[in-house]
$ cat work.txt   # compact mmCIF, C-alpha atoms and all ligand atoms
# COMPACT_ATOMS: atom_id res chain seq x y z
CA MET A 113 76.52 127.20 115.76
CA SER A 114 77.67 130.12 117.83
CA ASP A 115 78.90 133.36 116.30
CA GLU A 116 82.18 132.76 118.01
CA ASP A 117 82.69 129.69 115.88
CA LYS A 118 81.54 131.36 112.68
CA ASP A 119 84.06 134.19 112.74
CA GLY A 120 86.53 132.37 110.53
CA SER A 121 88.76 131.34 113.39
CA GLY A 122 86.74 128.13 113.54
CA GLY A 123 87.01 127.94 117.27
CA ARG A 124 90.69 128.88 117.42
CA SER A 125 89.77 131.30 120.14
CA GLY A 126 88.52 128.28 122.04
CA ARG A 127 91.77 126.38 122.27
CA GLY A 128 92.38 125.40 125.80
CA ARG A 129 88.65 125.47 126.38
CA HIS A 130 88.63 122.07 124.71
CA GLY A 131 91.27 120.88 127.07
CA LYS A 132 93.65 119.97 124.31
CA THR A 133 97.05 121.32 123.32
CA ALA A 134 99.71 120.08 120.92
CA PRO A 135 101.63 117.05 122.23
CA GLU A 136 104.89 119.00 121.98
CA GLY A 137 103.71 122.52 122.66
CA GLN A 138 102.98 124.83 119.76
CA PRO A 139 106.35 125.84 118.27
CA TRP A 140 104.66 125.86 114.85
CA ARG A 141 102.63 128.91 115.84
CA ARG A 142 103.81 132.23 114.47
CA GLU A 143 104.11 133.60 117.98
CA GLY A 144 106.28 130.57 118.84
CA ASN A 145 108.66 131.72 116.06
CA PRO A 146 108.73 128.67 113.76
CA GLY A 147 111.62 130.26 111.81
CA PRO A 148 111.66 131.22 108.13
CA ALA A 149 110.13 129.00 105.45
CA ARG A 150 112.71 126.63 103.95
CA PRO A 151 112.95 127.40 100.25
CA ASP A 152 112.72 124.80 97.50
CA ASP A 153 116.20 124.73 95.95
CA GLY A 154 114.82 123.11 92.79
CA SER A 155 116.94 119.99 93.12
CA ALA A 156 113.94 117.62 93.49
CA ALA A 157 116.23 115.40 95.58
CA HIS A 158 113.42 112.95 96.30
CA LEU A 159 113.39 111.70 92.71
CA ALA A 160 116.58 109.71 93.36
CA LEU A 161 114.82 107.96 96.25
CA LEU A 162 111.75 107.20 94.15
CA ALA A 163 113.71 105.53 91.35
CA PRO A 164 114.50 102.31 93.32
CA LEU A 165 110.75 101.99 93.93
CA GLY A 166 110.17 102.16 90.19
CA LEU A 167 108.48 105.56 90.49
CA GLU A 168 109.25 108.67 88.48
CA GLY A 169 106.85 110.91 90.34
CA VAL A 170 104.09 111.02 92.95
CA ILE A 171 100.38 111.74 93.27
CA ASP A 172 99.58 114.34 95.93
CA ALA A 173 96.19 113.55 97.47
CA HIS A 174 96.20 116.65 99.67
CA CYS A 175 96.94 119.76 97.68
CA HIS A 176 94.94 123.00 97.84
CA TRP A 177 93.88 125.24 95.00
CA PHE A 178 91.64 128.25 95.69
CA PRO A 179 91.01 131.36 93.58
CA ASP A 180 93.89 133.85 94.00
CA ASN A 181 91.99 136.26 96.26
CA VAL A 182 91.05 133.44 98.67
CA THR A 183 94.60 132.05 98.56
CA GLU A 184 95.94 135.46 99.58
CA LYS A 185 93.57 135.55 102.56
CA ILE A 186 94.63 132.06 103.64
CA TRP A 187 98.30 133.04 103.45
CA GLU A 188 97.58 136.18 105.40
CA TYR A 189 96.02 134.01 108.12
CA PHE A 190 98.95 131.58 108.02
CA SER A 191 101.49 134.36 108.28
CA ARG A 192 99.71 135.82 111.32
CA HIS A 193 98.88 132.62 113.21
CA TYR A 194 100.69 129.60 111.81
CA TRP A 195 103.90 129.39 109.81
CA PRO A 196 105.52 131.04 106.79
CA VAL A 197 104.71 129.39 103.46
CA THR A 198 107.47 128.10 101.14
CA TYR A 199 105.33 128.30 98.00
CA HIS A 200 103.97 131.80 98.51
CA CYS A 201 104.02 132.69 94.80
CA SER A 202 101.79 133.08 91.75
CA GLY A 203 99.59 130.25 90.48
CA GLY A 204 101.83 129.81 87.44
CA GLU A 205 104.91 129.46 89.63
CA ARG A 206 103.15 127.01 91.92
CA LEU A 207 102.30 124.84 88.93
CA ARG A 208 105.95 124.97 87.84
CA TRP A 209 107.02 123.83 91.31
CA LEU A 210 104.61 120.89 91.16
CA ARG A 211 105.97 119.86 87.77
CA GLN A 212 109.59 120.37 88.81
CA ASN A 213 108.97 118.04 91.76
CA ARG A 214 107.22 115.52 89.48
CA VAL A 215 103.87 115.70 91.19
CA ASP A 216 102.03 113.98 88.34
CA GLY A 217 98.59 114.42 89.87
CA PHE A 218 97.32 116.69 92.63
CA THR A 219 93.95 117.34 94.20
CA THR A 220 92.39 120.79 94.31
CA LEU A 221 91.00 120.50 97.85
CA ASN A 222 89.07 123.55 98.91
CA TYR A 223 86.33 124.22 101.40
CA ALA A 224 83.78 126.83 102.43
CA HIS A 225 83.59 128.60 105.76
CA ARG A 226 80.24 130.30 105.19
CA PRO A 227 76.95 129.71 103.34
CA GLY A 228 76.80 130.56 99.65
CA MET A 229 80.46 129.81 99.04
CA ALA A 230 80.70 126.10 98.16
CA SER A 231 78.70 126.21 94.95
CA TRP A 232 80.70 128.98 93.25
CA LEU A 233 83.94 127.49 94.56
CA ASN A 234 83.03 124.18 92.92
CA ARG A 235 82.27 125.85 89.59
CA TRP A 236 85.43 127.94 89.69
CA THR A 237 87.55 124.89 90.54
CA ALA A 238 85.99 122.80 87.78
CA GLN A 239 86.85 125.45 85.23
CA TRP A 240 90.39 125.88 86.54
CA ALA A 241 91.08 122.14 86.75
CA GLY A 242 89.66 121.59 83.28
CA ASP A 243 92.48 123.75 81.90
CA THR A 244 95.20 122.28 84.12
CA PRO A 245 96.87 118.94 83.35
CA GLY A 246 97.40 116.84 86.47
CA ALA A 247 94.67 118.54 88.52
CA ILE A 248 92.40 116.03 90.27
CA LEU A 249 89.12 117.88 90.55
CA THR A 250 87.57 117.90 94.01
CA GLY A 251 84.75 120.00 95.39
CA THR A 252 83.18 120.79 98.71
CA PHE A 253 79.82 121.32 100.38
CA TYR A 254 78.36 123.09 103.39
CA PRO A 255 75.17 122.67 105.48
CA GLU A 256 72.85 125.06 103.65
CA GLU A 257 69.81 125.20 101.44
CA GLY A 258 70.38 123.73 98.00
CA VAL A 259 73.34 121.58 99.02
CA GLY A 260 71.76 118.44 97.49
CA GLU A 261 71.36 120.23 94.14
CA TYR A 262 74.89 121.56 93.88
CA VAL A 263 76.42 118.27 95.02
CA GLU A 264 74.41 116.62 92.22
CA GLU A 265 75.79 119.21 89.80
CA ALA A 266 79.32 118.65 91.13
CA ILE A 267 79.14 114.91 90.57
CA GLY A 268 77.18 114.98 87.34
CA ARG A 269 77.92 118.02 85.21
CA LEU A 270 81.24 119.06 86.79
CA GLY A 271 82.73 115.57 87.11
CA MET A 272 84.18 115.91 90.61
CA ARG A 273 86.36 113.01 91.74
CA GLY A 274 85.93 113.67 95.43
CA PHE A 275 85.15 116.27 98.07
CA LYS A 276 86.90 118.00 100.95
CA LEU A 277 85.55 119.08 104.31
CA HIS A 278 87.48 120.94 106.99
CA LEU A 279 85.55 120.64 110.22
CA ARG A 280 87.39 123.28 112.23
CA VAL A 281 87.46 126.01 109.60
CA SER A 282 83.93 125.29 108.39
CA ALA A 283 82.69 124.72 111.94
CA PHE A 284 79.88 122.21 111.47
CA ASP A 285 78.94 118.70 112.48
CA PRO A 286 79.16 116.61 109.29
CA ALA A 287 76.46 114.26 110.58
CA CYS A 288 73.92 117.12 110.74
CA ALA A 289 70.55 116.60 109.03
CA GLU A 290 71.13 119.38 106.47
CA LEU A 291 73.91 117.37 104.87
CA THR A 292 71.90 114.16 104.45
CA PRO A 293 71.18 114.64 100.71
CA ALA A 294 74.85 115.47 100.07
CA PHE A 295 76.30 112.46 101.87
CA GLU A 296 73.70 110.08 100.47
CA ARG A 297 74.60 111.16 96.94
CA VAL A 298 78.36 111.06 97.55
CA GLN A 299 78.12 107.61 99.15
CA GLU A 300 76.03 106.33 96.25
CA ALA A 301 78.54 107.71 93.75
CA GLY A 302 81.41 105.99 95.61
CA LEU A 303 83.43 109.22 95.72
CA PRO A 304 85.88 109.90 98.55
CA VAL A 305 85.52 112.75 101.05
CA VAL A 306 88.84 114.04 102.38
CA ILE A 307 88.01 115.22 105.87
CA HIS A 308 90.11 117.20 108.32
CA CYS A 309 88.55 115.84 111.48
CA GLY A 310 91.54 115.41 113.80
CA SER A 311 92.27 118.15 116.31
CA ALA A 312 95.75 119.13 115.04
CA PRO A 313 96.93 121.78 114.80
CA ASP A 314 93.97 123.69 116.21
CA PRO A 315 91.44 121.91 118.42
CA SER A 316 87.81 123.00 118.44
CA ARG A 317 84.54 121.38 119.38
CA PHE A 318 84.05 120.49 115.70
CA ASN A 319 87.18 118.43 115.13
CA GLU A 320 86.67 115.86 117.85
CA PRO A 321 86.88 112.12 117.07
CA GLY A 322 83.13 111.70 117.57
CA ALA A 323 82.33 113.55 114.33
CA ALA A 324 83.74 110.92 111.96
CA ASP A 325 82.24 108.14 114.07
CA ARG A 326 78.78 109.68 113.83
CA LEU A 327 79.19 110.11 110.10
CA LEU A 328 80.22 106.48 109.55
CA LYS A 329 77.34 105.28 111.67
CA ARG A 330 74.95 107.01 109.28
CA TYR A 331 76.90 106.26 106.07
CA PRO A 332 78.91 103.04 106.60
CA ARG A 333 79.79 102.75 102.89
CA LEU A 334 81.09 106.30 102.66
CA LYS A 335 84.69 106.59 101.48
CA LEU A 336 86.43 108.84 103.98
CA VAL A 337 90.03 109.98 103.75
CA VAL A 338 91.10 111.14 107.19
CA ALA A 339 93.54 114.00 106.60
CA HIS A 340 96.81 114.18 108.54
CA MET A 341 96.32 110.52 109.63
CA GLY A 342 93.85 111.98 112.15
CA ALA A 343 96.50 113.86 114.14
CA TRP A 344 96.52 114.19 117.09
CA GLU A 345 94.07 111.30 117.63
CA TRP A 346 96.28 108.89 115.67
CA GLU A 347 95.23 105.74 117.42
CA HIS A 348 91.53 106.48 117.17
CA TYR A 349 91.66 107.04 113.42
CA LEU A 350 94.01 104.13 112.76
CA GLY A 351 91.42 101.98 114.50
CA LEU A 352 88.65 103.46 112.35
CA ALA A 353 90.62 102.65 109.19
CA GLU A 354 91.15 99.11 110.44
CA ARG A 355 87.45 98.60 111.20
CA PHE A 356 85.85 100.35 108.22
CA GLU A 357 86.69 99.06 104.78
CA HIS A 358 86.28 102.49 103.20
CA VAL A 359 88.23 104.64 105.66
CA TYR A 360 91.56 105.88 104.32
CA LEU A 361 94.32 108.07 105.81
CA ASP A 362 96.54 110.71 104.23
CA THR A 363 100.10 111.42 105.33
CA THR A 364 99.84 115.22 105.12
CA MET A 365 102.41 116.95 107.38
CA VAL A 366 102.73 113.83 109.54
CA PHE A 367 106.19 112.30 109.06
CA VAL A 368 108.00 115.58 108.34
CA ASP A 369 110.40 117.36 110.68
CA PHE A 370 107.98 120.26 111.27
CA PRO A 371 105.78 119.65 114.32
CA ALA A 372 102.37 121.02 113.24
CA CYS A 373 100.91 117.54 113.61
CA GLY A 374 103.18 116.46 116.44
CA ARG A 375 105.29 113.32 116.22
CA PHE A 376 103.64 110.12 114.96
CA PRO A 377 103.91 107.62 117.84
CA GLY A 378 106.63 105.06 117.12
CA GLN A 379 104.60 102.26 118.66
CA LEU A 380 101.91 102.73 115.97
CA LEU A 381 104.30 102.44 113.00
CA GLY A 382 103.87 98.66 112.97
CA ARG A 383 100.19 99.05 112.04
CA LEU A 384 100.87 101.01 108.85
CA GLU A 385 101.95 98.11 106.61
CA GLY A 386 98.59 96.41 107.13
CA LEU A 387 96.78 99.62 106.23
CA SER A 388 99.12 100.65 103.43
CA ALA A 389 96.62 100.05 100.61
CA LYS A 390 94.48 102.73 102.25
CA ILE A 391 97.15 105.35 102.97
CA LEU A 392 97.70 108.21 100.52
CA PHE A 393 100.61 110.59 100.21
CA GLY A 394 99.54 114.19 100.85
CA SER A 395 101.62 117.34 101.25
CA ASP A 396 99.34 120.34 101.98
CA PHE A 397 101.03 122.16 99.10
CA PRO A 398 101.35 125.13 98.82
CA ASN A 399 100.82 125.97 102.50
CA ILE A 400 103.89 124.24 103.89
CA PRO A 401 107.00 125.78 105.46
CA TYR A 402 109.43 123.31 103.79
CA PRO A 403 110.02 121.99 100.26
CA LEU A 404 107.87 119.28 98.65
CA SER A 405 110.99 117.13 98.44
CA HIS A 406 111.08 116.90 102.21
CA ALA A 407 107.45 115.78 102.36
CA VAL A 408 108.08 112.99 99.83
CA GLU A 409 111.34 111.91 101.48
CA SER A 410 109.63 111.61 104.85
CA VAL A 411 107.22 109.05 103.38
CA VAL A 412 109.78 107.22 101.21
CA SER A 413 111.80 106.67 104.41
CA LEU A 414 108.98 104.97 106.33
CA PRO A 415 109.80 101.44 107.50
CA LEU A 416 107.43 99.81 105.01
CA SER A 417 107.73 97.39 102.12
CA ALA A 418 108.50 98.77 98.66
CA GLU A 419 105.03 97.75 97.53
CA ALA A 420 103.41 99.65 100.40
CA ARG A 421 105.39 102.81 99.67
CA ARG A 422 104.67 102.59 95.94
CA GLY A 423 100.98 102.39 96.72
CA ILE A 424 101.05 105.27 99.19
CA LEU A 425 102.98 107.54 96.84
CA TYR A 426 101.12 106.68 93.64
CA GLY A 427 98.85 103.72 93.05
CA ASN A 428 96.39 104.11 95.91
CA ALA A 429 95.38 107.60 94.78
CA ILE A 430 95.04 106.46 91.18
CA ARG A 431 92.56 103.82 92.30
CA LEU A 432 90.69 105.90 94.87
CA PHE A 433 90.14 108.89 92.56
CA GLY A 434 89.58 106.66 89.53
CA LEU A 435 92.29 108.32 87.46
CA ASP A 436 92.98 107.30 83.89
CA VAL A 437 96.67 106.56 83.46
CA SER A 438 96.45 104.99 80.03
CA GLY A 439 98.69 107.79 78.72
CA GLY A 440 101.36 106.98 81.31
CA LYS A 441 100.30 109.79 83.65
CA PRO A 442 96.92 110.88 85.04
ZN ZN B 501 95.23 120.85 104.05
$ encode --input "work.txt" --output "structure tokens" --more "lines below"
Ligand SMILES: [Zn+2]
Amino acid sequence: MSDEDKDGSGGRSGRGRHGKTAPEGQPWRREGNPGPARPDDGSAAHLALLAPLGLEGVIDAHCHWFPDNVTEKIWEYFSRHYWPVTYHCSGGERLRWLRQNRVDGFTTLNYAHRPGMASWLNRWTAQWAGDTPGAILTGTFYPEEGVGEYVEEAIGRLGMRGFKLHLRVSAFDPACAELTPAFERVQEAGLPVVIHCGSAPDPSRFNEPGAADRLLKRYPRLKLVVAHMGAWEWEHYLGLAERFEHVYLDTTMVFVDFPACGRFPGQLLGRLEGLSAKILFGSDFPNIPYPLSHAVESVVSLPLSAEARRGILYGNAIRLFGLDVSGGKP
């Protein structure tokens, strides 16, 4: 890995060099003036749309929860390079917003961008999630010495329900030899790995379609959740989900009216019903420039059967993360 790609920009400086730009330009970039963040007015308007589906809330399969100091750094980066964040507020307030919007379960997706970070992040997250109703505990890993041991700890002692990898920010090839013990253990445990492998909104040599393909070649039983439906390589990742039984997709920032992921191609919409048992609702909370309601509404309005939408917004995540809903909620 070059120093250029380890500087935290994850290859951002290389955009253009990879010959790829956003399908509709980059109005989502700060310098493109994406406008102010749209506030959450607290009305939770999406709940009225969920009721006819028999749902009172949703499960968010793509939600981030880092320690406060890391969260501040991420927001600082977003405010300089990406877009303003609607839920730029304290952890307590963010939890209130999730509850107000009836997000009954939410993942804690985090990731490391340097060695020595994943293990403490996993322990911190396990402690935080243990005290937080609704949190779906997920961890991460990084190509480094000891990765097999701390993934074992994450699955065994910490009780992780899945993992998250962000190929551009972390800047590594997931199929690299150093990660073999981690992926073997995760595959054996049947736990999902949410992976940001598509090139939106920031292409780099690490988030090219070949990465997921190489990974699946080595670990064909691995459960992979392709974040953002694989934007901008929609068709490639839809095909992967159709061919591999254990490849899932999440809807994060895809069907909304904010163009970070570009516009989902209309001609591909017809393939979603067939894949709907493997599509999960995700929001990217809290790092979104619009209210959660809008994210849910954009998925409720998809031209899919009621059963498909119910699964995407709730049931699929319950099954994939193995959540106990005997008390009515996870
Ligand atoms: Zn995300």
$ residues_around --input "work.txt" --residues "segment 326-341 of chain A" --least-positions-apart "3" --cutoff "8 Å" --atoms "all atoms listed in the file" --output "PyMOL selection string"
chain A and resi 174+286-287+295-296+298-299+302-310+322-323+346+349-350+356+358-366+373
$ write_last_selection --input "work.txt" --atoms "C-alpha atoms" --output "PDB file, in the frame of the given file"
ATOM      1  CA  HIS A 174      96.200 116.650  99.670  1.00  0.00           C
ATOM      2  CA  PRO A 286      79.160 116.610 109.290  1.00  0.00           C
ATOM      3  CA  ALA A 287      76.460 114.260 110.580  1.00  0.00           C
ATOM      4  CA  PHE A 295      76.300 112.460 101.870  1.00  0.00           C
ATOM      5  CA  GLU A 296      73.700 110.080 100.470  1.00  0.00           C
ATOM      6  CA  VAL A 298      78.360 111.060  97.550  1.00  0.00           C
ATOM      7  CA  GLN A 299      78.120 107.610  99.150  1.00  0.00           C
ATOM      8  CA  GLY A 302      81.410 105.990  95.610  1.00  0.00           C
ATOM      9  CA  LEU A 303      83.430 109.220  95.720  1.00  0.00           C
ATOM     10  CA  PRO A 304      85.880 109.900  98.550  1.00  0.00           C
ATOM     11  CA  VAL A 305      85.520 112.750 101.050  1.00  0.00           C
ATOM     12  CA  VAL A 306      88.840 114.040 102.380  1.00  0.00           C
ATOM     13  CA  ILE A 307      88.010 115.220 105.870  1.00  0.00           C
ATOM     14  CA  HIS A 308      90.110 117.200 108.320  1.00  0.00           C
ATOM     15  CA  CYS A 309      88.550 115.840 111.480  1.00  0.00           C
ATOM     16  CA  GLY A 310      91.540 115.410 113.800  1.00  0.00           C
ATOM     17  CA  GLY A 322      83.130 111.700 117.570  1.00  0.00           C
ATOM     18  CA  ALA A 323      82.330 113.550 114.330  1.00  0.00           C
ATOM     19  CA  TRP A 346      96.280 108.890 115.670  1.00  0.00           C
ATOM     20  CA  TYR A 349      91.660 107.040 113.420  1.00  0.00           C
ATOM     21  CA  LEU A 350      94.010 104.130 112.760  1.00  0.00           C
ATOM     22  CA  PHE A 356      85.850 100.350 108.220  1.00  0.00           C
ATOM     23  CA  HIS A 358      86.280 102.490 103.200  1.00  0.00           C
ATOM     24  CA  VAL A 359      88.230 104.640 105.660  1.00  0.00           C
ATOM     25  CA  TYR A 360      91.560 105.880 104.320  1.00  0.00           C
ATOM     26  CA  LEU A 361      94.320 108.070 105.810  1.00  0.00           C
ATOM     27  CA  ASP A 362      96.540 110.710 104.230  1.00  0.00           C
ATOM     28  CA  THR A 363     100.100 111.420 105.330  1.00  0.00           C
ATOM     29  CA  THR A 364      99.840 115.220 105.120  1.00  0.00           C
ATOM     30  CA  MET A 365     102.410 116.950 107.380  1.00  0.00           C
ATOM     31  CA  VAL A 366     102.730 113.830 109.540  1.00  0.00           C
ATOM     32  CA  CYS A 373     100.910 117.540 113.610  1.00  0.00           C
TER      33      CYS A 373
END
$ closest_atom_pairs --input "work.txt" --of "chain A" --to "ligand ZN 501 (chain B)" --cutoff "7 Å" --atoms "all atoms listed in the file" --output "CSV"
residue,atom,partner,partner_atom,distance
A:His174,CA,B:ZN501,ZN,6.1
A:Cys175,CA,B:ZN501,ZN,6.7
A:His176,CA,B:ZN501,ZN,6.6
A:Asp396,CA,B:ZN501,ZN,4.6
$ residues_around --input "work.txt" --residues "Ala149 of chain A" --least-positions-apart "3" --cutoff "9 Å" --atoms "only C-alpha atoms" --output "VMD selection string"
chain A and resid 146 195 to 199 400 to 403
$ write_last_selection --input "work.txt" --atoms "C-alpha atoms" --output "PDB file, in the frame of the given file"
ATOM      1  CA  PRO A 146     108.730 128.670 113.760  1.00  0.00           C
ATOM      2  CA  TRP A 195     103.900 129.390 109.810  1.00  0.00           C
ATOM      3  CA  PRO A 196     105.520 131.040 106.790  1.00  0.00           C
ATOM      4  CA  VAL A 197     104.710 129.390 103.460  1.00  0.00           C
ATOM      5  CA  THR A 198     107.470 128.100 101.140  1.00  0.00           C
ATOM      6  CA  TYR A 199     105.330 128.300  98.000  1.00  0.00           C
ATOM      7  CA  ILE A 400     103.890 124.240 103.890  1.00  0.00           C
ATOM      8  CA  PRO A 401     107.000 125.780 105.460  1.00  0.00           C
ATOM      9  CA  TYR A 402     109.430 123.310 103.790  1.00  0.00           C
ATOM     10  CA  PRO A 403     110.020 121.990 100.260  1.00  0.00           C
TER      11      PRO A 403
END
$ atom_distance --input "work.txt" --atom1 "atom CA of Leu425 of chain A" --atom2 "atom CA of Leu392 of chain A"
6.5 Å
$ closest_residue --input "work.txt" --among "A:Glu205, A:Asp180, A:Asp243, A:Glu290" --to "Glu257 of chain A" --atoms "only C-alpha atoms"
A:Glu290
$ residues_around --input "work.txt" --residues "Ala241 of chain A" --least-positions-apart "5" --cutoff "10 Å" --atoms "all atoms listed in the file" --output "PyMOL selection string"
chain A and resi 177+219-220+235-236+246-250
$ closest_residue --input "work.txt" --among "A:Arg355, A:His193, A:Arg422, A:Arg297" --to "Val263 of chain A" --atoms "all atoms listed in the file"
A:Arg297
$ residues_near_point --input "work.txt" --point "(108.6, 130.9, 114.0)" --cutoff "12 Å" --atoms "all atoms listed in the file" --output "list in words"
Gln138, Pro139, Trp140, Arg141, Arg142, Glu143, Gly144, Asn145, Pro146, Gly147, Pro148, Ala149, Arg150, Phe190, Ser191, Arg192, His193, Tyr194, Trp195, Pro196, Val197, Phe370, Pro371, Ala372 and Pro401 of chain A
$ atom_distance --input "work.txt" --atom1 "atom CA of Asn428 of chain A" --atom2 "atom CA of Val412 of chain A"
14.7 Å
$ residues_around --input "work.txt" --residues "Gly423 of chain A" --least-positions-apart "6" --cutoff "9 Å" --atoms "only C-alpha atoms" --output "number ranges by chain"
A: 388-393, 429
$ residues_around --input "work.txt" --residues "Asn234 of chain A" --least-positions-apart "5" --cutoff "9 Å" --atoms "only C-alpha atoms" --output "ChimeraX atom specification"
/A:222,229,239,250-253,262,266,270,272
$ atom_distance --input "work.txt" --atom1 "atom CA of His348 of chain A" --atom2 "atom CA of Pro321 of chain A"
7.3 Å
$ residues_near_point --input "work.txt" --point "(96.3, 103.1, 110.1)" --cutoff "6 Å" --atoms "all atoms listed in the file" --output "PDB file with C-alpha atoms, keeping the file's coordinate frame"
ATOM      1  CA  LEU A 350      94.010 104.130 112.760  1.00  0.00           C
ATOM      2  CA  ALA A 353      90.620 102.650 109.190  1.00  0.00           C
ATOM      3  CA  ARG A 383     100.190  99.050 112.040  1.00  0.00           C
ATOM      4  CA  LEU A 384     100.870 101.010 108.850  1.00  0.00           C
ATOM      5  CA  LEU A 387      96.780  99.620 106.230  1.00  0.00           C
TER       6      LEU A 387
END
$ decode --input "work.txt" --residues "segment 265-280 of chain A" --atoms "N, CA and C atoms" --output "compact mmCIF listing (two decimals), in the first residue's frame"
# COMPACT_ATOMS: atom_id res chain seq x y z
N GLU A 265 -12.01 -13.32 19.30
CA GLU A 265 -12.55 -12.67 20.50
C GLU A 265 -13.89 -11.97 20.17
N ALA A 266 -13.92 -11.31 19.01
CA ALA A 266 -15.13 -10.56 18.63
C ALA A 266 -16.33 -11.50 18.48
N ILE A 267 -16.08 -12.66 17.89
CA ILE A 267 -17.17 -13.60 17.67
C ILE A 267 -17.53 -14.34 18.94
N GLY A 268 -16.50 -14.76 19.67
CA GLY A 268 -16.73 -15.55 20.88
C GLY A 268 -17.13 -14.69 22.07
N ARG A 269 -16.15 -14.04 22.67
CA ARG A 269 -16.40 -13.33 23.93
C ARG A 269 -17.31 -12.11 23.76
N LEU A 270 -17.12 -11.37 22.64
CA LEU A 270 -17.88 -10.11 22.49
C LEU A 270 -19.25 -10.31 21.85
N GLY A 271 -19.45 -11.43 21.19
CA GLY A 271 -20.78 -11.72 20.63
C GLY A 271 -21.18 -10.86 19.44
N MET A 272 -20.21 -10.53 18.58
CA MET A 272 -20.52 -9.72 17.39
C MET A 272 -21.52 -10.45 16.49
N ARG A 273 -22.39 -9.67 15.87
CA ARG A 273 -23.38 -10.25 14.94
C ARG A 273 -23.00 -10.04 13.50
N GLY A 274 -21.88 -9.38 13.27
CA GLY A 274 -21.43 -9.14 11.91
C GLY A 274 -20.23 -8.22 11.93
N PHE A 275 -19.73 -7.89 10.75
CA PHE A 275 -18.54 -7.05 10.64
C PHE A 275 -18.76 -6.03 9.52
N LYS A 276 -17.92 -4.99 9.54
CA LYS A 276 -17.99 -3.98 8.49
C LYS A 276 -16.59 -3.70 7.96
N LEU A 277 -16.48 -3.61 6.66
CA LEU A 277 -15.22 -3.20 6.03
C LEU A 277 -15.52 -2.07 5.06
N HIS A 278 -14.64 -1.09 5.03
CA HIS A 278 -14.81 0.03 4.10
C HIS A 278 -13.54 0.10 3.27
N LEU A 279 -13.60 -0.41 2.05
CA LEU A 279 -12.37 -0.61 1.29
C LEU A 279 -11.66 0.68 0.91
N ARG A 280 -12.40 1.76 0.66
CA ARG A 280 -11.70 2.98 0.28
C ARG A 280 -11.02 3.63 1.49
